[in-house]
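What follows is the content of coords-v7.pdb, which has PDB, C-alpha atoms:
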```pdb
MODEL        1
ATOM      1  CA  MET A  15     145.132 142.283 195.144
ATOM      2  CA  TYR A  16     143.233 144.260 197.775
ATOM      3  CA  VAL A  17     141.298 147.490 198.012
ATOM      4  CA  ILE A  18     142.035 149.497 201.166
ATOM      5  CA  LEU A  19     139.468 152.054 202.325
ATOM      6  CA  LYS A  20     140.012 154.424 205.282
ATOM      7  CA  ILE A  21     136.848 155.153 207.257
ATOM      8  CA  GLU A  22     137.130 157.290 210.435
ATOM      9  CA  GLY A  23     140.655 156.183 211.048
ATOM     10  CA  GLY A  24     139.897 152.447 210.584
ATOM     11  CA  ILE A  25     141.016 150.292 207.640
ATOM     12  CA  ILE A  26     138.499 148.072 205.817
ATOM     13  CA  VAL A  27     140.029 145.463 203.524
ATOM     14  CA  LYS A  28     137.866 143.915 200.795
ATOM     15  CA  LYS A  29     139.113 141.380 198.308
ATOM     16  CA  ILE A  30     138.609 142.591 194.788
ATOM     17  CA  LEU A  31     138.159 138.951 193.802
ATOM     18  CA  TRP A  32     134.572 139.080 195.063
ATOM     19  CA  VAL A  33     133.878 142.098 192.901
ATOM     20  CA  VAL A  34     135.264 140.298 189.846
ATOM     21  CA  LEU A  35     133.171 137.204 190.582
ATOM     22  CA  LEU A  36     130.016 139.278 190.878
ATOM     23  CA  ILE A  37     130.742 140.980 187.539
ATOM     24  CA  ILE A  38     131.314 137.595 185.841
ATOM     25  CA  LEU A  39     128.095 136.206 187.338
ATOM     26  CA  GLY A  40     126.130 139.196 186.040
ATOM     27  CA  VAL A  41     127.567 138.758 182.552
ATOM     28  CA  LEU A  42     126.673 135.040 182.553
ATOM     29  CA  ILE A  43     123.097 135.811 183.587
ATOM     30  CA  ILE A  44     122.712 138.379 180.799
ATOM     31  CA  VAL A  45     124.182 136.021 178.175
ATOM     32  CA  GLY A  46     122.054 133.147 179.409
ATOM     33  CA  CYS A  47     118.884 135.187 179.150
ATOM     34  CA  SER A  48     119.686 136.289 175.615
ATOM     35  CA  ASN A  49     120.176 132.772 174.201
ATOM     36  CA  ASN A  50     117.314 131.047 172.442
ATOM     37  CA  GLU A  51     116.017 128.415 174.879
ATOM     38  CA  TYR A  52     113.032 127.269 172.842
ATOM     39  CA  ASP A  53     112.643 124.310 170.511
ATOM     40  CA  TYR A  54     110.590 126.271 167.991
ATOM     41  CA  LYS A  55     110.951 129.340 165.784
ATOM     42  CA  LEU A  56     108.520 132.098 164.897
ATOM     43  CA  GLN A  57     107.668 132.062 161.193
ATOM     44  CA  VAL A  58     106.299 135.213 159.527
ATOM     45  CA  ARG A  59     104.970 134.892 155.987
ATOM     46  CA  GLU A  60     104.211 138.112 154.083
ATOM     47  CA  SER A  61     101.775 138.673 151.243
ATOM     48  CA  GLY A  62      99.861 141.587 149.757
ATOM     49  CA  TRP A  63      96.249 142.314 148.858
ATOM     50  CA  SER A  64      94.452 144.833 146.701
ATOM     51  CA  GLY A  65      90.855 145.758 145.910
ATOM     52  CA  TRP A  66      89.375 148.206 148.395
ATOM     53  CA  ALA A  67      85.863 147.251 147.357
ATOM     54  CA  GLU A  68      86.373 143.865 149.022
ATOM     55  CA  VAL A  69      87.430 145.177 152.447
ATOM     56  CA  ASP A  70      84.086 144.897 154.222
ATOM     57  CA  LYS A  71      83.558 141.246 153.286
ATOM     58  CA  GLY A  72      87.212 140.188 153.421
ATOM     59  CA  ALA A  73      90.037 141.683 151.395
ATOM     60  CA  SER A  74      90.899 139.853 148.198
ATOM     61  CA  GLU A  75      94.197 138.303 149.199
ATOM     62  CA  ASN A  76      96.706 137.758 146.415
ATOM     63  CA  LYS A  77      98.620 135.036 148.176
ATOM     64  CA  THR A  78     101.787 135.304 146.166
ATOM     65  CA  GLU A  79     104.319 134.907 148.920
ATOM     66  CA  ASN A  80     106.861 137.686 148.926
ATOM     67  CA  ASP A  81     108.903 136.420 151.839
ATOM     68  CA  ILE A  82     109.090 133.816 154.602
ATOM     69  CA  ASN A  83     111.016 134.872 157.711
ATOM     70  CA  LYS A  84     111.986 132.647 160.657
ATOM     71  CA  PHE A  85     113.114 134.077 163.987
ATOM     72  CA  ASP A  86     114.610 132.622 167.143
ATOM     73  CA  ILE A  87     112.537 133.237 170.261
ATOM     74  CA  VAL A  88     114.185 135.962 172.368
ATOM     75  CA  LEU A  89     112.086 138.015 174.768
ATOM     76  CA  GLU A  90     111.951 141.814 174.302
ATOM     77  CA  LYS A  91     114.247 141.762 171.259
ATOM     78  CA  GLU A  92     113.067 143.979 168.383
ATOM     79  CA  TYR A  93     112.514 142.037 165.145
ATOM     80  CA  SER A  94     111.634 143.106 161.637
ATOM     81  CA  THR A  95     110.899 141.140 158.499
ATOM     82  CA  ASN A  96     113.311 141.304 155.570
ATOM     83  CA  SER A  97     111.159 143.976 153.956
ATOM     84  CA  GLY A  98     111.405 146.085 157.125
ATOM     85  CA  LYS A  99     107.646 146.738 157.034
ATOM     86  CA  PHE A 100     106.615 144.512 159.946
ATOM     87  CA  VAL A 101     108.304 145.350 163.262
ATOM     88  CA  PHE A 102     107.559 143.604 166.564
ATOM     89  CA  LYS A 103     108.952 142.143 169.778
ATOM     90  CA  ILE A 104     108.113 138.974 171.716
ATOM     91  CA  THR A 105     106.782 139.764 175.197
ATOM     92  CA  GLU A 106     105.610 136.384 176.584
ATOM     93  CA  THR A 107     106.084 132.659 175.893
ATOM     94  CA  ASP A 108     104.682 129.321 176.999
ATOM     95  CA  ASP A 109     104.764 125.729 175.681
ATOM     96  CA  ASP A 110     102.551 126.224 172.641
ATOM     97  CA  SER A 111     102.200 129.969 172.083
ATOM     98  CA  ILE A 112     103.901 133.338 172.320
ATOM     99  CA  THR A 113     102.654 136.922 172.609
ATOM    100  CA  ILE A 114     104.019 139.608 170.309
ATOM    101  CA  GLU A 115     103.707 143.385 170.402
ATOM    102  CA  THR A 116     103.831 145.240 167.075
ATOM    103  CA  ASP A 117     104.982 148.816 166.527
ATOM    104  CA  GLU A 118     101.820 149.593 164.525
ATOM    105  CA  PRO A 119      98.197 148.464 165.011
ATOM    106  CA  TYR A 120      96.908 145.539 162.912
ATOM    107  CA  SER A 121      93.536 143.948 162.259
ATOM    108  CA  ASP A 122      93.253 140.263 163.225
ATOM    109  CA  ASN A 123      89.619 139.821 162.162
ATOM    110  CA  ASP A 124      89.046 136.564 160.282
ATOM    111  CA  GLU A 125      86.423 138.229 158.085
ATOM    112  CA  GLY A 126      87.115 141.702 156.744
ATOM    113  CA  ILE A 127      89.478 144.355 158.070
ATOM    114  CA  ASN A 128      88.916 146.537 161.128
ATOM    115  CA  LEU A 129      90.008 149.932 159.824
ATOM    116  CA  ARG A 130      89.783 151.495 163.308
ATOM    117  CA  THR A 131      91.828 148.895 165.167
ATOM    118  CA  ASP A 132      94.324 150.028 167.787
ATOM    119  CA  LYS A 133      95.398 146.482 168.687
ATOM    120  CA  THR A 134      99.147 145.847 168.925
ATOM    121  CA  LYS A 135      99.330 142.646 171.030
ATOM    122  CA  PHE A 136      98.621 139.240 169.480
ATOM    123  CA  LYS A 137      98.931 135.543 170.353
ATOM    124  CA  VAL A 138     100.838 133.225 167.992
ATOM    125  CA  TYR A 139     100.342 129.429 168.123
ATOM    126  CA  SER A 140     101.971 126.233 166.873
ATOM    127  CA  ASP A 141      98.795 124.674 165.414
ATOM    128  CA  LYS A 142      97.311 127.566 163.424
ATOM    129  CA  GLU A 143      98.353 130.781 161.698
ATOM    130  CA  THR A 144      97.687 134.188 163.216
ATOM    131  CA  LYS A 145      96.725 136.523 160.359
ATOM    132  CA  LEU A 146      97.468 140.250 160.781
ATOM    133  CA  LYS A 147      96.308 142.790 158.183
ATOM    134  CA  THR A 148      97.276 146.411 157.765
ATOM    135  CA  PRO A 149      94.171 148.550 158.522
ATOM    136  CA  THR A 150      94.154 150.154 155.091
ATOM    137  CA  MET A 151      91.410 150.466 152.538
ATOM    138  CA  ASP A 152      92.812 150.318 149.003
ATOM    139  CA  GLY A 153      95.676 147.888 149.406
ATOM    140  CA  GLY A 154      98.059 146.607 152.036
ATOM    141  CA  TYR A 155      99.928 143.706 153.575
ATOM    142  CA  ILE A 156      99.010 140.513 155.388
ATOM    143  CA  TYR A 157     101.339 138.745 157.813
ATOM    144  CA  TYR A 158     100.804 135.076 158.674
ATOM    145  CA  LEU A 159     102.527 134.107 161.941
ATOM    146  CA  MET A 160     102.991 130.599 163.339
ATOM    147  CA  LEU A 161     105.419 128.628 165.513
ATOM    148  CA  VAL A 162     107.140 125.874 163.501
ATOM    149  CA  ASP A 163     109.477 123.007 164.331
ATOM    150  CA  SER A 164     108.572 120.097 162.023
ATOM    151  CA  LYS A 165     108.624 119.276 158.296
ATOM    152  CA  LEU A 166     106.345 117.339 155.942
ATOM    153  CA  GLN A 167     108.143 114.569 154.039
ATOM    154  CA  VAL A 168     106.799 113.325 150.683
ATOM    155  CA  ARG A 169     108.284 110.120 149.258
ATOM    156  CA  GLU A 170     107.434 109.182 145.671
ATOM    157  CA  SER A 171     107.320 105.872 143.790
ATOM    158  CA  GLY A 172     105.497 104.372 140.816
ATOM    159  CA  TRP A 173     103.394 101.276 140.143
ATOM    160  CA  SER A 174     102.323  99.328 137.083
ATOM    161  CA  GLY A 175     100.108  96.351 136.305
ATOM    162  CA  TRP A 176      96.474  97.306 135.748
ATOM    163  CA  ALA A 177      95.317  93.713 136.281
ATOM    164  CA  GLU A 178      96.268  94.002 139.926
ATOM    165  CA  VAL A 179      94.301  97.179 140.696
ATOM    166  CA  ASP A 180      91.232  95.593 142.281
ATOM    167  CA  LYS A 181      93.234  93.553 144.774
ATOM    168  CA  GLY A 182      96.093  95.991 145.252
ATOM    169  CA  ALA A 183      98.351  97.448 142.594
ATOM    170  CA  SER A 184     101.796  95.900 142.266
ATOM    171  CA  GLU A 185     103.979  98.724 143.504
ATOM    172  CA  ASN A 186     107.483  99.009 142.120
ATOM    173  CA  LYS A 187     108.824 100.802 145.179
ATOM    174  CA  THR A 188     111.870 102.294 143.554
ATOM    175  CA  GLU A 189     112.008 105.659 145.265
ATOM    176  CA  ASN A 190     112.226 108.468 142.748
ATOM    177  CA  GLY A 191     112.718 111.179 145.351
ATOM    178  CA  ILE A 192     112.185 112.311 148.904
ATOM    179  CA  THR A 193     111.099 115.922 149.359
ATOM    180  CA  LYS A 194     110.756 117.771 152.679
ATOM    181  CA  PHE A 195     108.583 120.846 153.106
ATOM    182  CA  ASP A 196     108.265 123.397 155.901
ATOM    183  CA  ILE A 197     104.797 123.543 157.470
ATOM    184  CA  VAL A 198     103.045 126.693 156.212
ATOM    185  CA  LEU A 199      99.260 126.838 156.242
ATOM    186  CA  GLY A 200      97.652 127.798 152.935
ATOM    187  CA  LYS A 201     100.870 127.647 150.916
ATOM    188  CA  LYS A 202     100.782 125.791 147.590
ATOM    189  CA  TYR A 203     103.348 122.966 147.341
ATOM    190  CA  SER A 204     104.318 120.684 144.483
ATOM    191  CA  ALA A 205     106.446 117.563 144.142
ATOM    192  CA  ASP A 206     107.372 115.060 141.437
ATOM    193  CA  SER A 207     107.875 117.668 138.699
ATOM    194  CA  ASP A 208     104.625 119.422 139.695
ATOM    195  CA  LYS A 209     102.528 116.244 139.311
ATOM    196  CA  PHE A 210     101.593 116.187 143.006
ATOM    197  CA  VAL A 211     100.175 119.568 144.071
ATOM    198  CA  PHE A 212      98.720 120.272 147.518
ATOM    199  CA  LYS A 213      98.356 122.769 150.343
ATOM    200  CA  ILE A 214      98.313 122.365 154.126
ATOM    201  CA  THR A 215      94.967 123.427 155.597
ATOM    202  CA  GLU A 216      95.240 122.427 159.287
ATOM    203  CA  ALA A 217      98.005 121.578 161.758
ATOM    204  CA  ASN A 218      98.286 120.404 165.349
ATOM    205  CA  ASP A 219     100.901 118.729 167.563
ATOM    206  CA  SER A 220     100.497 115.234 166.063
ATOM    207  CA  SER A 221      99.142 115.669 162.524
ATOM    208  CA  ILE A 222      98.363 117.978 159.615
ATOM    209  CA  THR A 223      95.600 117.991 157.007
ATOM    210  CA  ILE A 224      96.418 118.506 153.334
ATOM    211  CA  GLU A 225      94.187 119.284 150.371
ATOM    212  CA  THR A 226      95.390 117.969 147.001
ATOM    213  CA  LYS A 227      94.694 119.522 143.630
ATOM    214  CA  GLU A 228      93.579 116.166 142.178
ATOM    215  CA  PRO A 229      91.727 113.289 143.883
ATOM    216  CA  TYR A 230      93.744 110.327 145.213
ATOM    217  CA  SER A 231      92.967 106.894 146.580
ATOM    218  CA  ASP A 232      94.104 106.232 150.157
ATOM    219  CA  ASN A 233      92.852 102.638 150.348
ATOM    220  CA  GLU A 234      95.524 100.416 151.868
ATOM    221  CA  ASN A 235      94.595  97.247 149.944
ATOM    222  CA  SER A 236      93.363  98.510 146.585
ATOM    223  CA  VAL A 237      92.993 101.560 144.365
ATOM    224  CA  ASP A 238      89.622 103.320 144.370
ATOM    225  CA  LEU A 239      89.185 104.327 140.735
ATOM    226  CA  ASN A 240      86.072 106.393 141.543
ATOM    227  CA  THR A 241      87.570 108.408 144.393
ATOM    228  CA  LYS A 242      86.846 112.109 144.674
ATOM    229  CA  LYS A 243      88.778 112.494 147.928
ATOM    230  CA  LYS A 244      91.166 115.455 148.198
ATOM    231  CA  ASN A 245      91.586 115.942 151.967
ATOM    232  CA  PHE A 246      93.959 113.677 153.888
ATOM    233  CA  LYS A 247      95.523 113.448 157.347
ATOM    234  CA  VAL A 248      99.329 113.090 157.681
ATOM    235  CA  TYR A 249     100.977 111.822 160.892
ATOM    236  CA  PHE A 250     104.357 111.446 162.598
ATOM    237  CA  ASP A 251     104.216 107.710 163.325
ATOM    238  CA  LYS A 252     103.009 106.273 159.992
ATOM    239  CA  GLU A 253     103.017 107.056 156.290
ATOM    240  CA  THR A 254      99.874 108.226 154.514
ATOM    241  CA  GLU A 255      99.803 106.458 151.135
ATOM    242  CA  LEU A 256      98.118 108.251 148.221
ATOM    243  CA  THR A 257      97.737 106.535 144.852
ATOM    244  CA  THR A 258      96.632 108.039 141.551
ATOM    245  CA  PRO A 259      93.206 106.555 140.641
ATOM    246  CA  THR A 260      94.394 105.133 137.318
ATOM    247  CA  MET A 261      94.088 101.665 135.885
ATOM    248  CA  ASP A 262      97.212 100.783 133.930
ATOM    249  CA  ALA A 263      99.978 102.677 135.736
ATOM    250  CA  GLY A 264     100.384 105.574 138.079
ATOM    251  CA  ASP A 265     102.177 107.132 141.031
ATOM    252  CA  VAL A 266     102.191 106.562 144.773
ATOM    253  CA  TYR A 267     103.027 109.293 147.295
ATOM    254  CA  TYR A 268     103.982 108.437 150.880
ATOM    255  CA  LEU A 269     103.544 111.367 153.269
ATOM    256  CA  MET A 270     104.752 111.602 156.862
ATOM    257  CA  LEU A 271     105.729 114.278 159.367
ATOM    258  CA  VAL A 272     109.395 114.225 160.361
ATOM    259  CA  LYS A 273     111.499 116.308 162.727
TER
ENDMDL
END
```
Can the structure in the file be given as structure tokens, please?
Amino acid sequence: MYVILKIEGGIIVKKILWVVLLIILGVLIIVGCSNNEYDYKLQVRESGWSGWAEVDKGASENKTENDINKFDIVLEKEYSTNSGKFVFKITETDDDSITIETDEPYSDNDEGINLRTDKTKFKVYSDKETKLKTPTMDGGYIYYLMLVDSKLQVRESGWSGWAEVDKGASENKTENGITKFDIVLGKKYSADSDKFVFKITEANDSSITIETKEPYSDNENSVDLNTKKKNFKVYFDKETELTTPTMDAGDVYYLMLVK
């Protein structure tokens, strides 16, 4: 098929095939740009706070999580959380962070709330949460943003034989359960019918730090009955072994980061 154009008595012939090819190429470029090309997602966790008297020294945050949202990374697309209250778009990306622009100003002060903020652009990272607060005085919302791509695995087993404690408890490594948790800083987790309770306090590319509700022994060769330790590192390449500091029987929890 050809298109014939008359210009000043001459005939110019152009193959319409070239036009079609250009249209197809343009469509492919648009589709390619709209696909998610990143190996991480943006997580937005919502919670509320109340108590205007606490604003100046840090709002009293009632960290009952109302919602956890995860979004693919697409530049300039408008996103909103399930509640519809938090609206933003992603404007820039690199290997370990993104920049978002919100439709309303938010306070990102670590201590207190900046009631006069006009800030709408914020960095979000893979190793720590970005906390955004509504600049309101009597009550409001807090949004915790972080890039996530890994999970924390907790494997449980039991041991018995108090006579063996000093030189290493005899572990009956029958696995009672394997639980996997998304990485959310500050969130309260529980496993083993709520016996093992902890929260994640720090995260980076190769490890996280957890804080347990009760003390545990992390000695590799024995159980420390006098331990008061509650903070532990968890890694990708090896299990962190936590044992209840009990004498006659107890539980062992094996923690590791997995993709």
Box time for segment 216-234 of chain A: axis-aligned, enclosing all its listed atoms, 8 Å extra on each side; report centre and edge lengths in Å to one decimal, as JSON.
```
{"center_x": 96.3, "center_y": 111.4, "center_z": 154.9, "size_x": 25.2, "size_y": 38.0, "size_z": 41.4}
```
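Nearest to Lys252 of chain A of all the residues A:Leu269, A:Asp132, A:Ile112, A:Leu166 is A:Leu269, counting only C-alpha atoms.
Of the residues listed (A:Ser231, A:Asn218, A:Ser140, A:Ser111), A:Ser231 shows the shortest atom-to-atom separation from Gly264 of chain A; distances use all atoms listed in the file.
Rounded to one decimal, atom CA of Glu255 of chain A and atom CA of Tyr267 of chain A lie 5.8 Å from each other.
Counting only C-alpha atoms, the residue from A:Val162, A:Ile156, A:Ile114, A:Met270 that sits nearest to Ile192 of chain A is A:Met270.
For the choices A:Val266, A:Ile82, A:Val237, A:Ala217, the atom-to-atom distance to Tyr249 of chain A is smallest for A:Ala217 when using all atoms listed in the file.
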Need to verify the contact set: Gly98 of chain A, 12 Å, only C-alpha atoms, exclusion of same-chain residues closer than 5 positions in sequence. Can you return it as a compact mmCIF listing (two decimals) with C-alpha atoms, keeping the file's coordinate frame?
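This is the output file selection_29.txt:
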```txt
# COMPACT_ATOMS: atom_id res chain seq x y z
CA GLU A 60 104.21 138.11 154.08
CA ASP A 81 108.90 136.42 151.84
CA ASN A 83 111.02 134.87 157.71
CA GLU A 92 113.07 143.98 168.38
CA TYR A 93 112.51 142.04 165.14
CA ASP A 117 104.98 148.82 166.53
```
Quiz prompt | Given the PyMOL selection byres ((chain A and resi 58) around 9), the residues it picks as a count of residues only | solution = 15
As a CSV table (one decimal) with C-alpha atoms, in the frame of the given file, please: the residues near Asp124 of chain A (cut-off 10 Å, all atoms listed in the file, same-chain neighbours under 5 positions excluded).
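The resulting result28.csv:
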```csv
chain,number,residue,atom,x,y,z
A,72,GLY,CA,87.2,140.2,153.4
A,144,THR,CA,97.7,134.2,163.2
A,145,LYS,CA,96.7,136.5,160.4
A,146,LEU,CA,97.5,140.2,160.8
A,147,LYS,CA,96.3,142.8,158.2
```
Quiz item: Can you tell me how far atom CA of Glu225 of chain A sits from atom CA of Phe246 of chain A, in Å to one decimal?
Solution: 6.6 Å
Practice problem: To one decimal in Å, tell me the separation between atom CA of Ser236 of chain A and atom CA of Tyr203 of chain A. | Solution: 26.4 Å
Quiz item: Got a sec to resolve the PyMOL selection byres ((chain A and resi 223) around 8) on this structure and send the residues as JSON, numbers by chain?
Solution: {"A": [214, 215, 216, 217, 221, 222, 224, 225, 245, 246, 247, 248]}
Quiz item: For Thr107 of chain A, which residue out of A:Met151, A:Lys273, A:Tyr268, A:Glu90 is the nearest one, using only C-alpha atoms?
Solution: A:Glu90
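Nearest to Thr193 of chain A of all the residues A:Gln167, A:Ser121, A:Thr148, A:Thr105 is A:Gln167, based on all atoms listed in the file.
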Quiz item: Given the file above and the PyMOL selection byres ((chain A and resi 230) around 10), which residues are selected, and can you give them as a list in words?
Solution: Thr226, Lys227, Glu228, Pro229, Ser231, Asp232, Asn233, Val237, Asp238, Leu239, Asn240, Thr241, Lys242, Lys243, Lys244, Asn245, Phe246, Glu255, Leu256, Thr257, Thr258, Pro259, Thr260, Asp265, Val266 and Tyr267 of chain A
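Using only C-alpha atoms, the protein and nucleic acid residues lying no more than 8 Å from Pro149 of chain A, apart from those fewer than 2 places from it along its own chain, are Pro119, Tyr120, Ser121, Ile127, Asn128, Leu129, Arg130, Thr131, Lys147, Met151 and Gly154 of chain A.
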